[in-house]
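J.: What follows is input_31.cif; its format and atoms are mmCIF, C-alpha atoms and all ligand atoms.
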```cif
data_coords
loop_
_atom_site.label_atom_id
_atom_site.label_comp_id
_atom_site.auth_asym_id
_atom_site.auth_seq_id
_atom_site.Cartn_x
_atom_site.Cartn_y
_atom_site.Cartn_z
CA MET A 396 104.05 70.45 24.02
CA ALA A 397 106.20 71.44 27.00
CA PRO A 398 105.32 74.85 28.46
CA HIS A 399 107.64 77.78 27.94
CA ILE A 400 109.23 78.36 31.34
CA VAL A 401 110.08 81.88 32.47
CA ARG A 402 112.45 82.47 35.39
CA TRP A 403 111.49 85.54 37.40
CA GLY A 404 113.59 87.78 39.60
CA ILE A 405 111.53 89.83 42.06
CA MET A 406 112.81 93.31 42.87
CA ALA A 407 111.44 94.44 46.28
CA THR A 408 109.41 92.56 48.85
CA GLY A 409 106.46 94.87 49.58
CA TRP A 410 102.74 94.33 49.23
CA ILE A 411 102.40 93.99 45.48
CA ALA A 412 105.55 91.88 45.16
CA GLU A 413 103.87 89.41 47.53
CA THR A 414 100.60 89.45 45.61
CA PHE A 415 102.24 89.10 42.20
CA THR A 416 104.52 86.28 43.36
CA ASN A 417 101.60 84.42 44.95
CA ASP A 418 99.87 84.53 41.57
CA LEU A 419 103.02 83.37 39.75
CA LEU A 420 103.00 80.28 41.92
CA ILE A 421 99.45 79.24 40.96
CA ASP A 422 99.40 76.35 38.48
CA PRO A 423 98.75 77.90 35.01
CA ASN A 424 96.60 74.87 34.10
CA VAL A 425 93.82 76.17 36.38
CA ARG A 426 93.43 79.10 33.98
CA ASP A 427 94.00 77.10 30.80
CA ALA A 428 97.48 78.53 30.29
CA SER A 429 99.33 75.24 29.88
CA ASP A 430 101.61 76.77 27.22
CA VAL A 431 103.56 78.74 29.84
CA ALA A 432 105.04 78.18 33.29
CA HIS A 433 106.62 80.49 35.86
CA GLN A 434 109.48 79.96 38.26
CA VAL A 435 110.59 82.42 40.92
CA VAL A 436 114.37 82.00 40.96
CA ALA A 437 115.56 85.10 42.83
CA VAL A 438 114.24 87.76 45.20
CA ALA A 439 116.00 90.95 46.28
CA SER A 440 115.21 93.25 49.16
CA SER A 441 117.03 96.54 49.56
CA SER A 442 116.32 96.27 53.31
CA SER A 443 118.08 93.01 54.12
CA LYS A 444 118.80 89.48 52.96
CA GLU A 445 116.60 88.19 55.81
CA LYS A 446 113.64 90.05 54.35
CA ALA A 447 114.20 88.38 50.99
CA GLU A 448 114.57 84.99 52.68
CA GLN A 449 111.38 85.52 54.67
CA PHE A 450 109.57 86.51 51.47
CA ILE A 451 110.67 83.26 49.82
CA SER A 452 109.71 81.03 52.74
CA ALA A 453 106.38 82.81 53.34
CA ARG A 454 105.40 82.03 49.74
CA GLY A 455 106.31 78.37 50.23
CA ILE A 456 108.87 78.44 47.42
CA THR A 457 110.78 75.19 47.61
CA THR A 458 112.55 75.26 44.24
CA PRO A 459 116.02 76.89 44.17
CA CYS A 460 115.59 80.61 44.75
CA SER A 461 118.36 83.08 45.62
CA ALA A 462 117.87 85.79 48.23
CA TYR A 463 119.77 89.05 47.77
CA ASP A 464 120.15 92.17 49.88
CA ASP A 465 120.55 94.54 46.96
CA TYR A 466 119.02 95.03 43.54
CA GLU A 467 122.39 95.12 41.74
CA THR A 468 123.10 91.47 42.53
CA LEU A 469 119.61 90.49 41.43
CA VAL A 470 119.96 92.03 37.98
CA ALA A 471 123.36 90.36 37.56
CA ASP A 472 121.96 86.88 38.26
CA PRO A 473 122.37 84.81 35.06
CA ASN A 474 119.50 82.51 36.06
CA VAL A 475 116.95 85.32 35.78
CA ASP A 476 115.06 85.87 32.50
CA VAL A 477 112.92 88.82 33.56
CA ILE A 478 112.82 91.24 36.49
CA TYR A 479 109.54 92.29 38.08
CA VAL A 480 110.01 95.81 39.50
CA ALA A 481 107.76 96.33 42.53
CA THR A 482 109.18 99.47 44.11
CA PRO A 483 107.38 102.83 44.58
CA HIS A 484 106.77 105.04 41.49
CA SER A 485 109.65 107.33 42.46
CA HIS A 486 112.14 104.49 42.06
CA HIS A 487 110.93 102.87 38.82
CA TYR A 488 113.17 104.87 36.50
CA GLN A 489 116.37 104.09 38.41
CA ASN A 490 115.39 100.45 39.09
CA VAL A 491 114.22 99.61 35.58
CA ARG A 492 117.26 101.26 34.10
CA LEU A 493 119.49 99.25 36.41
CA ALA A 494 117.89 96.04 35.12
CA LEU A 495 118.00 97.06 31.46
CA GLU A 496 121.62 98.19 31.68
CA ALA A 497 122.40 94.72 33.07
CA GLY A 498 120.72 93.15 30.03
CA LYS A 499 117.51 91.99 31.72
CA ASN A 500 113.96 92.02 30.40
CA VAL A 501 111.59 93.98 32.64
CA LEU A 502 107.99 94.06 33.80
CA CYS A 503 107.57 97.28 35.82
CA GLU A 504 104.66 98.15 38.10
CA LYS A 505 102.40 101.08 37.28
CA ALA A 506 102.74 104.02 37.05
CA PHE A 507 105.64 103.28 34.68
CA THR A 508 107.71 106.24 35.82
CA VAL A 509 107.23 109.68 37.37
CA ASN A 510 107.06 111.41 33.98
CA ALA A 511 107.04 110.70 30.26
CA ALA A 512 110.66 111.78 29.75
CA GLN A 513 111.79 108.93 32.02
CA THR A 514 109.55 106.41 30.25
CA LYS A 515 110.92 107.42 26.85
CA ILE A 516 114.53 106.89 27.93
CA LEU A 517 113.76 103.44 29.33
CA ILE A 518 112.07 102.46 26.07
CA GLU A 519 115.03 103.74 24.05
CA ILE A 520 117.43 101.66 26.12
CA ALA A 521 115.26 98.54 25.91
CA ARG A 522 115.00 98.88 22.13
CA LYS A 523 118.71 99.52 21.73
CA LYS A 524 119.49 96.43 23.77
CA ASN A 525 116.76 94.24 22.24
CA LEU A 526 115.10 93.70 25.60
CA PHE A 527 111.46 93.16 26.49
CA LEU A 528 109.84 95.96 28.49
CA MET A 529 106.25 96.31 29.73
CA GLU A 530 104.30 98.44 32.19
CA ALA A 531 102.45 96.12 34.56
CA VAL A 532 98.92 97.38 34.04
CA TRP A 533 97.49 93.99 35.03
CA THR A 534 93.85 94.88 34.30
CA ARG A 535 94.54 95.02 30.57
CA TYR A 536 95.29 91.29 30.52
CA PHE A 537 92.11 90.16 32.27
CA PRO A 538 89.88 88.05 29.99
CA LEU A 539 87.20 90.63 30.87
CA SER A 540 89.23 93.49 29.37
CA ILE A 541 90.14 91.48 26.29
CA GLN A 542 86.48 90.50 25.75
CA ILE A 543 85.31 94.09 26.10
CA ARG A 544 87.92 95.38 23.65
CA GLU A 545 86.84 92.69 21.17
CA LEU A 546 83.15 93.55 21.63
CA ILE A 547 83.91 97.20 20.89
CA GLN A 548 85.97 96.27 17.83
CA LYS A 549 83.15 94.05 16.56
CA GLY A 550 80.78 97.03 16.84
CA GLU A 551 78.58 95.43 19.53
CA ILE A 552 77.65 98.82 20.99
CA GLY A 553 78.20 100.84 17.84
CA GLU A 554 80.62 103.72 17.78
CA VAL A 555 81.91 104.37 21.29
CA LEU A 556 81.65 108.07 21.96
CA ARG A 557 81.88 108.40 25.71
CA VAL A 558 83.55 106.51 28.54
CA VAL A 559 83.29 107.34 32.23
CA ALA A 560 85.69 105.60 34.63
CA ASP A 561 85.97 106.20 38.36
CA THR A 562 88.71 104.69 40.51
CA SER A 563 88.10 106.20 43.93
CA PHE A 564 88.52 105.08 47.54
CA GLY A 565 86.54 106.78 50.29
CA ASP A 566 89.27 106.76 52.90
CA ASP A 567 89.77 108.79 56.03
CA VAL A 568 92.95 110.00 54.36
CA GLU A 569 94.69 111.46 57.42
CA THR A 570 94.16 108.30 59.48
CA LYS A 571 94.67 105.71 56.79
CA TRP A 572 97.54 107.17 54.78
CA GLY A 573 99.10 109.78 57.11
CA THR A 574 101.95 111.63 55.43
CA THR A 575 104.62 109.04 54.67
CA HIS A 576 102.72 106.18 52.98
CA ARG A 577 103.55 105.87 49.29
CA MET A 578 99.90 106.66 48.49
CA VAL A 579 100.31 110.30 49.60
CA ASN A 580 104.05 110.84 49.91
CA PRO A 581 105.46 113.19 47.22
CA ASP A 582 108.96 111.81 47.81
CA LEU A 583 107.64 108.48 46.49
CA ALA A 584 105.60 110.15 43.69
CA GLY A 585 102.42 109.41 45.61
CA GLY A 586 98.94 110.74 44.98
CA ALA A 587 95.65 109.57 43.51
CA LEU A 588 96.59 110.24 39.88
CA LEU A 589 99.68 108.07 39.56
CA ASP A 590 98.38 105.40 41.89
CA LEU A 591 94.69 105.02 40.99
CA GLY A 592 93.90 107.54 38.25
CA ILE A 593 95.99 105.43 35.92
CA TYR A 594 93.25 102.78 36.06
CA SER A 595 90.58 105.26 35.03
CA LEU A 596 92.89 106.30 32.20
CA THR A 597 93.43 102.64 31.37
CA TRP A 598 89.69 102.19 30.85
CA VAL A 599 89.44 105.34 28.77
CA PHE A 600 92.45 104.36 26.66
CA GLN A 601 91.67 100.69 26.19
CA THR A 602 88.19 101.53 24.93
CA LEU A 603 88.63 104.79 23.01
CA TYR A 604 92.25 104.54 21.79
CA HIS A 605 93.46 100.95 21.81
CA THR A 606 90.42 99.62 19.93
CA LEU A 607 91.27 101.73 16.88
CA PRO A 608 93.68 100.53 14.17
CA ARG A 609 97.18 101.64 15.14
CA ASP A 610 97.47 104.29 12.44
CA GLN A 611 94.25 105.93 13.65
CA ARG A 612 95.22 106.23 17.33
CA LYS A 613 95.73 109.89 18.17
CA PRO A 614 96.66 111.40 21.55
CA PRO A 615 93.79 113.15 23.30
CA THR A 616 93.57 116.72 24.48
CA VAL A 617 93.03 116.98 28.23
CA THR A 618 91.54 119.40 30.71
CA SER A 619 91.63 118.61 34.40
CA GLN A 620 91.28 119.72 37.97
CA MET A 621 93.32 118.55 40.93
CA THR A 622 92.87 118.92 44.70
CA PRO A 623 96.02 118.62 46.83
CA TYR A 624 96.02 116.69 50.08
CA HIS A 625 96.57 119.40 52.69
CA LEU A 626 99.21 117.47 54.63
CA THR A 627 101.58 116.58 51.77
CA GLY A 628 100.59 118.39 48.56
CA ALA A 629 100.14 115.14 46.59
CA ASP A 630 96.78 115.01 44.82
CA GLU A 631 93.90 113.43 46.73
CA SER A 632 91.46 114.08 43.90
CA THR A 633 91.90 114.44 40.16
CA THR A 634 89.24 114.82 37.49
CA MET A 635 90.17 114.56 33.83
CA LEU A 636 88.27 115.18 30.63
CA LEU A 637 89.93 113.71 27.55
CA SER A 638 88.92 114.34 23.99
CA PHE A 639 90.06 111.91 21.27
CA PRO A 640 89.90 112.75 17.58
CA THR A 641 87.86 109.92 16.01
CA SER A 642 87.78 110.39 12.30
CA THR A 643 88.88 112.55 9.41
CA PRO A 644 86.40 114.92 7.71
CA SER A 645 86.36 112.52 4.73
CA ASN A 646 84.63 109.97 6.96
CA GLY A 647 81.36 111.78 6.53
CA PRO A 648 78.92 112.79 9.21
CA HIS A 649 80.56 110.92 12.12
CA PRO A 650 81.39 112.86 15.28
CA GLN A 651 84.95 114.15 15.25
CA GLN A 652 85.62 113.40 18.89
CA SER A 653 84.99 110.84 21.61
CA HIS A 654 85.16 111.82 25.26
CA GLY A 655 86.69 110.08 28.24
CA VAL A 656 85.94 111.16 31.78
CA ALA A 657 88.59 109.76 34.11
CA LEU A 658 88.02 110.26 37.83
CA THR A 659 90.08 109.45 40.87
CA ASN A 660 89.78 110.36 44.51
CA ILE A 661 90.96 108.89 47.78
CA ARG A 662 88.43 110.70 50.02
CA VAL A 663 85.14 109.92 48.27
CA SER A 664 84.41 106.44 46.99
CA ALA A 665 83.08 105.14 43.68
CA ASP A 666 81.49 102.36 45.73
CA PRO A 667 80.65 103.72 49.21
CA ASP A 668 78.83 100.65 50.57
CA GLU A 669 81.19 98.24 48.77
CA LYS A 670 78.15 96.43 47.38
CA GLY A 671 77.96 98.21 44.05
CA SER A 672 74.85 100.19 45.08
CA ALA A 673 76.30 103.36 43.56
CA GLY A 674 76.25 101.76 40.11
CA PRO A 675 79.02 100.72 37.75
CA PRO A 676 82.33 102.56 38.10
CA ILE A 677 82.86 102.17 34.36
CA ARG A 678 80.37 103.02 31.61
CA ILE A 679 81.31 102.58 27.97
CA GLN A 680 78.71 104.30 25.85
CA GLY A 681 78.19 103.64 22.15
CA THR A 682 75.67 104.56 19.51
CA LYS A 683 74.03 101.10 19.77
CA GLY A 684 74.22 100.53 23.51
CA GLU A 685 76.40 100.51 26.59
CA ILE A 686 78.82 98.21 28.40
CA GLN A 687 78.94 98.59 32.18
CA VAL A 688 81.80 97.15 34.19
CA TYR A 689 81.39 96.13 37.84
CA GLY A 690 83.90 95.66 40.65
CA GLN A 691 86.98 97.74 41.28
CA PRO A 692 88.26 99.25 38.02
CA PHE A 693 91.66 97.64 38.60
CA ARG A 694 90.08 94.24 39.35
CA PRO A 695 86.69 94.11 37.65
CA GLU A 696 84.55 91.03 38.15
CA SER A 697 81.70 91.26 35.67
CA TYR A 698 80.16 93.33 32.92
CA ARG A 699 76.77 93.95 31.35
CA ILE A 700 75.97 94.67 27.74
CA ILE A 701 72.89 96.85 27.48
CA PRO A 702 71.66 97.16 23.89
CA LYS A 703 69.75 100.23 22.82
CA LYS A 704 65.97 99.83 23.15
CA GLY A 705 64.72 97.25 20.68
CA GLY A 706 68.25 95.88 20.13
CA GLY A 707 67.92 92.71 22.23
CA GLU A 708 68.28 91.48 25.76
CA ILE A 709 70.70 92.69 28.42
CA ARG A 710 73.55 90.19 28.85
CA GLU A 711 75.58 89.79 32.00
CA VAL A 712 79.01 88.15 32.00
CA GLN A 713 80.79 87.03 35.18
CA CYS A 714 84.57 86.82 35.02
CA PRO A 715 85.95 84.60 37.80
CA PHE A 716 89.52 84.36 39.06
CA PRO A 717 90.62 80.74 38.64
CA GLY A 718 92.60 79.15 41.46
CA ASN A 719 91.63 81.97 43.81
CA GLY A 720 94.21 84.22 42.22
CA LYS A 721 94.27 87.97 42.38
CA GLY A 722 94.39 88.15 38.58
CA MET A 723 98.02 89.18 38.19
CA TYR A 724 98.90 85.84 36.56
CA TRP A 725 97.35 86.94 33.29
CA GLU A 726 99.89 89.72 32.80
CA ALA A 727 102.66 87.30 33.80
CA ASP A 728 101.42 84.85 31.14
CA GLU A 729 101.54 87.67 28.59
CA VAL A 730 105.18 88.35 29.51
CA ALA A 731 106.00 84.64 29.15
CA ARG A 732 104.37 84.45 25.71
CA CYS A 733 106.12 87.59 24.51
CA LEU A 734 109.49 86.22 25.66
CA ARG A 735 108.74 82.85 24.04
CA ASP A 736 107.78 84.52 20.76
CA GLY A 737 110.68 86.97 20.75
CA LYS A 738 108.42 90.01 21.11
CA LEU A 739 109.98 93.06 22.75
CA GLU A 740 106.68 94.63 23.78
CA SER A 741 103.12 93.58 24.50
CA GLU A 742 100.24 94.16 22.09
CA GLY A 743 97.94 94.63 25.10
CA LEU A 744 99.79 97.76 26.14
CA PRO A 745 102.24 98.89 23.48
CA LEU A 746 105.10 101.06 24.73
CA GLU A 747 103.88 103.91 22.54
CA GLU A 748 100.57 103.85 24.47
CA SER A 749 102.36 103.91 27.83
CA ILE A 750 104.15 107.05 26.63
CA VAL A 751 100.90 108.75 25.57
CA ILE A 752 99.32 107.94 28.95
CA MET A 753 102.38 109.26 30.81
CA GLU A 754 102.17 112.43 28.70
CA VAL A 755 98.52 112.84 29.69
CA MET A 756 99.49 112.49 33.36
CA ASP A 757 102.33 115.02 32.87
CA GLU A 758 99.83 117.48 31.42
CA VAL A 759 97.32 116.86 34.21
CA ARG A 760 100.01 117.44 36.83
CA LYS A 761 101.04 120.62 35.00
CA GLN A 762 97.44 121.89 34.98
CA GLY A 763 97.08 120.95 38.66
CA GLY A 764 100.43 122.41 39.72
CA LEU A 765 101.74 119.11 41.10
CA THR A 766 105.49 118.66 40.84
CA TYR A 767 107.55 116.07 42.64
CA PRO A 768 111.04 116.60 44.12
CA GLN A 769 113.62 117.26 41.40
CA LYS A 770 115.51 114.09 42.27
CA ILE A 771 112.65 111.81 41.33
CA GLU A 772 111.58 113.84 38.27
CA SER A 773 115.19 113.64 37.01
CA THR A 774 116.36 111.50 34.10
CA GLU A 775 119.90 111.46 35.46
CA TYR A 776 121.30 107.98 36.05
CA PRO A 777 122.50 106.60 38.33
CA LEU A 778 121.10 108.66 41.17
CA GLN A 779 120.95 107.69 44.82
CA LEU A 780 117.34 108.40 45.86
N1 LIG B 801 99.03 96.31 40.31
C1 LIG B 801 98.48 96.55 41.48
O1 LIG B 801 97.37 96.16 41.77
C2 LIG B 801 99.22 97.30 42.48
C3 LIG B 801 100.36 97.96 42.11
N2 LIG B 801 101.07 98.65 43.04
C4 LIG B 801 102.27 99.33 42.57
O2 LIG B 801 103.39 98.60 43.05
C5 LIG B 801 104.43 99.47 43.47
C6 LIG B 801 104.76 99.18 44.92
O3 LIG B 801 103.62 99.31 45.73
P1 LIG B 801 103.46 98.48 47.11
O4 LIG B 801 103.95 97.10 46.95
O5 LIG B 801 102.09 98.70 47.57
O6 LIG B 801 104.46 99.29 48.03
P2 LIG B 801 105.15 98.80 49.37
O7 LIG B 801 105.51 100.03 50.10
O8 LIG B 801 104.36 97.76 50.05
O9 LIG B 801 106.48 98.09 48.83
C7 LIG B 801 107.46 98.78 48.12
C8 LIG B 801 108.77 98.08 48.29
O10 LIG B 801 109.74 98.77 47.52
C9 LIG B 801 111.00 98.68 48.15
N3 LIG B 801 111.58 100.02 48.29
C10 LIG B 801 112.76 100.40 47.80
N4 LIG B 801 113.03 101.65 48.12
C11 LIG B 801 111.99 102.12 48.83
C12 LIG B 801 111.70 103.36 49.46
N5 LIG B 801 112.55 104.40 49.41
N6 LIG B 801 110.53 103.46 50.12
C13 LIG B 801 109.68 102.45 50.17
N7 LIG B 801 109.91 101.23 49.59
C14 LIG B 801 111.07 101.08 48.94
C15 LIG B 801 110.79 98.02 49.50
O11 LIG B 801 111.15 96.65 49.34
P3 LIG B 801 112.58 96.09 49.82
O12 LIG B 801 112.82 96.69 51.17
O13 LIG B 801 112.37 94.64 49.88
O14 LIG B 801 113.59 96.49 48.82
C16 LIG B 801 109.30 98.09 49.72
O15 LIG B 801 108.83 97.01 50.46
C17 LIG B 801 103.91 100.87 43.15
O16 LIG B 801 104.35 101.20 41.86
C18 LIG B 801 102.41 100.72 43.14
O17 LIG B 801 101.73 101.66 42.36
C19 LIG B 801 100.72 98.64 44.34
C20 LIG B 801 99.60 98.00 44.77
C21 LIG B 801 98.73 97.31 43.86
O1 LIG B 802 97.53 99.58 41.78
C1 LIG B 802 96.78 99.58 42.72
O2 LIG B 802 95.68 98.80 42.69
C2 LIG B 802 95.10 98.34 43.87
C3 LIG B 802 95.04 99.43 44.90
O3 LIG B 802 94.57 98.89 46.11
C4 LIG B 802 96.42 100.02 45.10
O4 LIG B 802 96.38 101.10 46.00
C5 LIG B 802 96.98 100.51 43.82
O5 LIG B 802 98.33 100.85 43.98
#
```
Give the structure from this file in structure tokens form.

T.:
Amino acid sequence: MAPHIVRWGIMATGWIAETFTNDLLIDPNVRDASDVAHQVVAVASSSSKEKAEQFISARGITTPCSAYDDYETLVADPNVDVIYVATPHSHHYQNVRLALEAGKNVLCEKAFTVNAAQTKILIEIARKKNLFLMEAVWTRYFPLSIQIRELIQKGEIGEVLRVVADTSFGDDVETKWGTTHRMVNPDLAGGALLDLGIYSLTWVFQTLYHTLPRDQRKPPTVTSQMTPYHLTGADESTTMLLSFPTSTPSNGPHPQQSHGVALTNIRVSADPDEKGSAGPPIRIQGTKGEIQVYGQPFRPESYRIIPKKGGGEIREVQCPFPGNGKGMYWEADEVARCLRDGKLESEGLPLEESIVIMEVMDEVRKQGGLTYPQKIESTEYPLQL
């Protein structure tokens, strides 16, 4: 059967737009995804048309691909099926809304928006207009993540009661990020939480929340601490403790809560020697054993299943990246399949779950006293940022 072809429009030409587009251009057959195919048909840069043209030629795109010098023209292009939004967090609400208002489906980089109120409005608009919308949390679509969620659902490690996830870089923050880089710049909704902490939350949510039947998923309570970066006020370190209700009293003697510990830091590393000597950044602990995940939490490479004593052998599973990809093609394939099947959201990360995660981050910022400039917290539209 012929593959379902999706025509992408790329909004912005920065680092992740390059990486994502490179992955789109890898032949899906190398990852056994012959049911879908991707074409990059338009690229827009708010800086200049030349930048968009350079982006297209640097990727070696030889099929017809339009270059635009503004996002408005991109979202009006009738050849585009779906827009990939690759701008800083601060701009997601305005940029996604622009695309939705123009009738386009959207895949938007993480963190979805600056706050949950913005996310909710985007979802409302997408639903009203029958458009597909998804937060691009790529890690969720890795075969590794899918396998681990299935193992948990099959009861491989029993009831999962605790998950620890650490997404931390040990950078010389002042030298590496300065004050204006999007990683630390409050004007761009920078900081460890929205940039990296979301991956720790992803691991906590995809193991403790997403693995439950939908009607049993309940938002967690959260307590947290935050350390501001002295030069900008954005968080350089955030530590979160989440507590999920697990069962009703009628379920008998089971614990009533599972705990997620979500860590993020840009000054101390989860993997200081970059050889994994510090141990797994993710531990998923159940009553019958543990799953440990290795590699960066956003791009894990392997996992180990450690049964409780007497429960069998340790198993190690390597998860390669076919075609030398970064691993972003798996989320792109998910978008293509959803569009093919007429789905308006992805099962891997339902919109309701994106809202709950944004609400957790709102609460953590409230507890830590981190607010961003009013303009980027606003739900007003359109706004010139
Ligand atoms: N999934 C992943 O692994 C990763 C995801 N990300 C996410 O992707 C998004 C972008 O990050 P990244 O690509 O690293 O960022 P970059 O700074 O490299 O690129 C952002 C691009 O957004 C456009 N832009 C529009 N307005 C602004 C503005 N006011 N300031 C800066 N840029 C602007 C620019 O493109 P132009 O001039 O062409 O319009 C710019 O090149 C973020 O949401 C981030 O969290 C980032 C890295 C990895
Ligand atoms: O999303 C991300 O994942 C990879 C990191 O290097 C990057 O800073 C972050 O934005």

J.: Neighbouring residues of ligand LIG 802 (chain B) are defined here as those with any atom at most 7 Å from a ligand atom, counting only C-alpha atoms and all ligand atoms; list them as an MDAnalysis selection string.

T.: chainID A and resid 505 590:591 693

J.: Throw together the list of residues within 6 Å of ligand LIG 801 (chain B), counting only C-alpha atoms and all ligand atoms, and drop it here as a ChimeraX atom specification.

T.: /A:407-412,440-442,481-484,504-506,533,590

J.: May I have the residues within 10 Å of A:Pro538 as a ChimeraX atom specification, using all atoms listed in the file and disregarding those fewer than 5 positions away in the same chain?

T.: /A:543-544,714-716,722,725

J.: Output the selection as a CSV table (one decimal), in the frame of the given file - C-alpha atoms for each residue.

T.:
```
chain,number,residue,atom,x,y,z
A,543,ILE,CA,85.3,94.1,26.1
A,544,ARG,CA,87.9,95.4,23.6
A,714,CYS,CA,84.6,86.8,35.0
A,715,PRO,CA,86.0,84.6,37.8
A,716,PHE,CA,89.5,84.4,39.1
A,722,GLY,CA,94.4,88.2,38.6
A,725,TRP,CA,97.4,86.9,33.3
```

J.: Neighbouring residues of stretch 617-634 of chain A were defined as those with any atom within 9 Å, considering only C-alpha atoms; residues of the same chain fewer than 2 positions away were excluded. Please report them as a VMD selection string.

T.: chain A and resid 563 568 to 569 573 to 575 578 to 581 584 to 588 592 615 636 to 638 656 to 663 755 758 to 760 762 to 767

J.: Quick one: pull the distance between atom CA of A:Ala521 and atom CA of A:Leu583, Å, one decimal.

T.: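 Computing it gives 24.1 Å between the two atoms.
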
J.: What residues have an atom no more than 6 Å from (116.6, 89.6, 43.3) in the file's own frame, counting all atoms listed in the file, and can you write them as a ChimeraX atom specification?

T.: /A:404-406,437-439,463,466,469

J.: Just to confirm, what's the straight-line distance from atom CA of A:Ser749 to atom CA of A:Gln611 in Å (one decimal)?

T.: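 Atom CA of A:Ser749 sits 16.5 Å away from atom CA of A:Gln611.
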
J.: Measuring between all atoms listed in the file, which one of A:Ala447, A:Leu526, A:Ala397, A:Ala531 shows the shortest distance to A:Tyr724?

T.: A:Ala531

J.: Could you work out how far atom CA of A:Val475 lies from atom CA of A:Arg735, giving the answer in Å with one decimal?

T.: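 According to the coordinates, atom CA of A:Arg735 and atom CA of A:Val475 are separated by 14.5 Å.
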
J.: Which residues are close to A:Ile516, i.e. within 12 Å by only C-alpha atoms, leaving aside same-chain residues fewer than 4 positions away? Reply as a PyMOL selection string.

T.: chain A and resi 488-489+491-492+495-496+507-508+510-512+520-523+528+746+750+773-776

J.: If you keep C-alpha atoms, can you produce a file of those selected residues as a PDB file, keeping the file's coordinate frame?

T.:
```pdb
ATOM      1  CA  TYR A 488     113.170 104.870  36.500  1.00  0.00           C
ATOM      2  CA  GLN A 489     116.370 104.090  38.410  1.00  0.00           C
ATOM      3  CA  VAL A 491     114.220  99.610  35.580  1.00  0.00           C
ATOM      4  CA  ARG A 492     117.260 101.260  34.100  1.00  0.00           C
ATOM      5  CA  LEU A 495     118.000  97.060  31.460  1.00  0.00           C
ATOM      6  CA  GLU A 496     121.620  98.190  31.680  1.00  0.00           C
ATOM      7  CA  PHE A 507     105.640 103.280  34.680  1.00  0.00           C
ATOM      8  CA  THR A 508     107.710 106.240  35.820  1.00  0.00           C
ATOM      9  CA  ASN A 510     107.060 111.410  33.980  1.00  0.00           C
ATOM     10  CA  ALA A 511     107.040 110.700  30.260  1.00  0.00           C
ATOM     11  CA  ALA A 512     110.660 111.780  29.750  1.00  0.00           C
ATOM     12  CA  ILE A 520     117.430 101.660  26.120  1.00  0.00           C
ATOM     13  CA  ALA A 521     115.260  98.540  25.910  1.00  0.00           C
ATOM     14  CA  ARG A 522     115.000  98.880  22.130  1.00  0.00           C
ATOM     15  CA  LYS A 523     118.710  99.520  21.730  1.00  0.00           C
ATOM     16  CA  LEU A 528     109.840  95.960  28.490  1.00  0.00           C
ATOM     17  CA  LEU A 746     105.100 101.060  24.730  1.00  0.00           C
ATOM     18  CA  ILE A 750     104.150 107.050  26.630  1.00  0.00           C
ATOM     19  CA  SER A 773     115.190 113.640  37.010  1.00  0.00           C
ATOM     20  CA  THR A 774     116.360 111.500  34.100  1.00  0.00           C
ATOM     21  CA  GLU A 775     119.900 111.460  35.460  1.00  0.00           C
ATOM     22  CA  TYR A 776     121.300 107.980  36.050  1.00  0.00           C
TER      23      TYR A 776
END
```

J.: Counting all atoms listed in the file, which residue out of A:Gln601, A:Gln652, A:Thr562, A:Asn719 sits closest to A:Pro745?

T.: A:Gln601

J.: Could you name the residues that touch A:Lys613 at 8 Å or less, counting all atoms listed in the file, but leaving out those on the same chain fewer than 3 positions away, as a VMD selection string?

T.: chain A and resid 604 639 to 640

J.: Hey, can I get the axis-aligned box for stretch 655-669 of chain A? All listed atoms, 6 Å padding on each side, centre and edge lengths in Å to one decimal, as AutoDock Vina command-line options.

T.:
```
--center_x 84.9 --center_y 104.7 --center_z 39.4 --size_x 24.1 --size_y 24.9 --size_z 34.3
```

J.: Which residue is closest to A:Ile701? Choose from A:Cys733, A:Leu744, A:Val477, A:Ile552 and count all atoms listed in the file.

T.: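 Among the listed residues, A:Ile552 lies closest to A:Ile701.
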
J.: Restricting the calculation to all atoms listed in the file: of A:Asp464, A:Glu551, A:Glu754, A:Asp666, which residue gets closest to A:Tyr689?

T.: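 Closest to A:Tyr689 of all the choices is A:Asp666.
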
J.: Would you mind listing what lies within 10 Å of A:Pro695 as an mmCIF file with C-alpha atoms, keeping the file's coordinate frame, with only C-alpha atoms counted and same-chain residues fewer than 2 positions away left out?

T.:
```
data_model
loop_
_atom_site.group_PDB
_atom_site.id
_atom_site.type_symbol
_atom_site.label_atom_id
_atom_site.label_comp_id
_atom_site.auth_asym_id
_atom_site.auth_seq_id
_atom_site.Cartn_x
_atom_site.Cartn_y
_atom_site.Cartn_z
ATOM 1 C CA THR A 534 93.850 94.880 34.300
ATOM 2 C CA PHE A 537 92.110 90.160 32.270
ATOM 3 C CA LEU A 539 87.200 90.630 30.870
ATOM 4 C CA SER A 540 89.230 93.490 29.370
ATOM 5 C CA PRO A 676 82.330 102.560 38.100
ATOM 6 C CA ILE A 677 82.860 102.170 34.360
ATOM 7 C CA VAL A 688 81.800 97.150 34.190
ATOM 8 C CA TYR A 689 81.390 96.130 37.840
ATOM 9 C CA GLY A 690 83.900 95.660 40.650
ATOM 10 C CA GLN A 691 86.980 97.740 41.280
ATOM 11 C CA PRO A 692 88.260 99.250 38.020
ATOM 12 C CA PHE A 693 91.660 97.640 38.600
ATOM 13 C CA SER A 697 81.700 91.260 35.670
ATOM 14 C CA TYR A 698 80.160 93.330 32.920
ATOM 15 C CA GLN A 713 80.790 87.030 35.180
ATOM 16 C CA CYS A 714 84.570 86.820 35.020
ATOM 17 C CA PRO A 715 85.950 84.600 37.800
ATOM 18 C CA GLY A 722 94.390 88.150 38.580
#
```
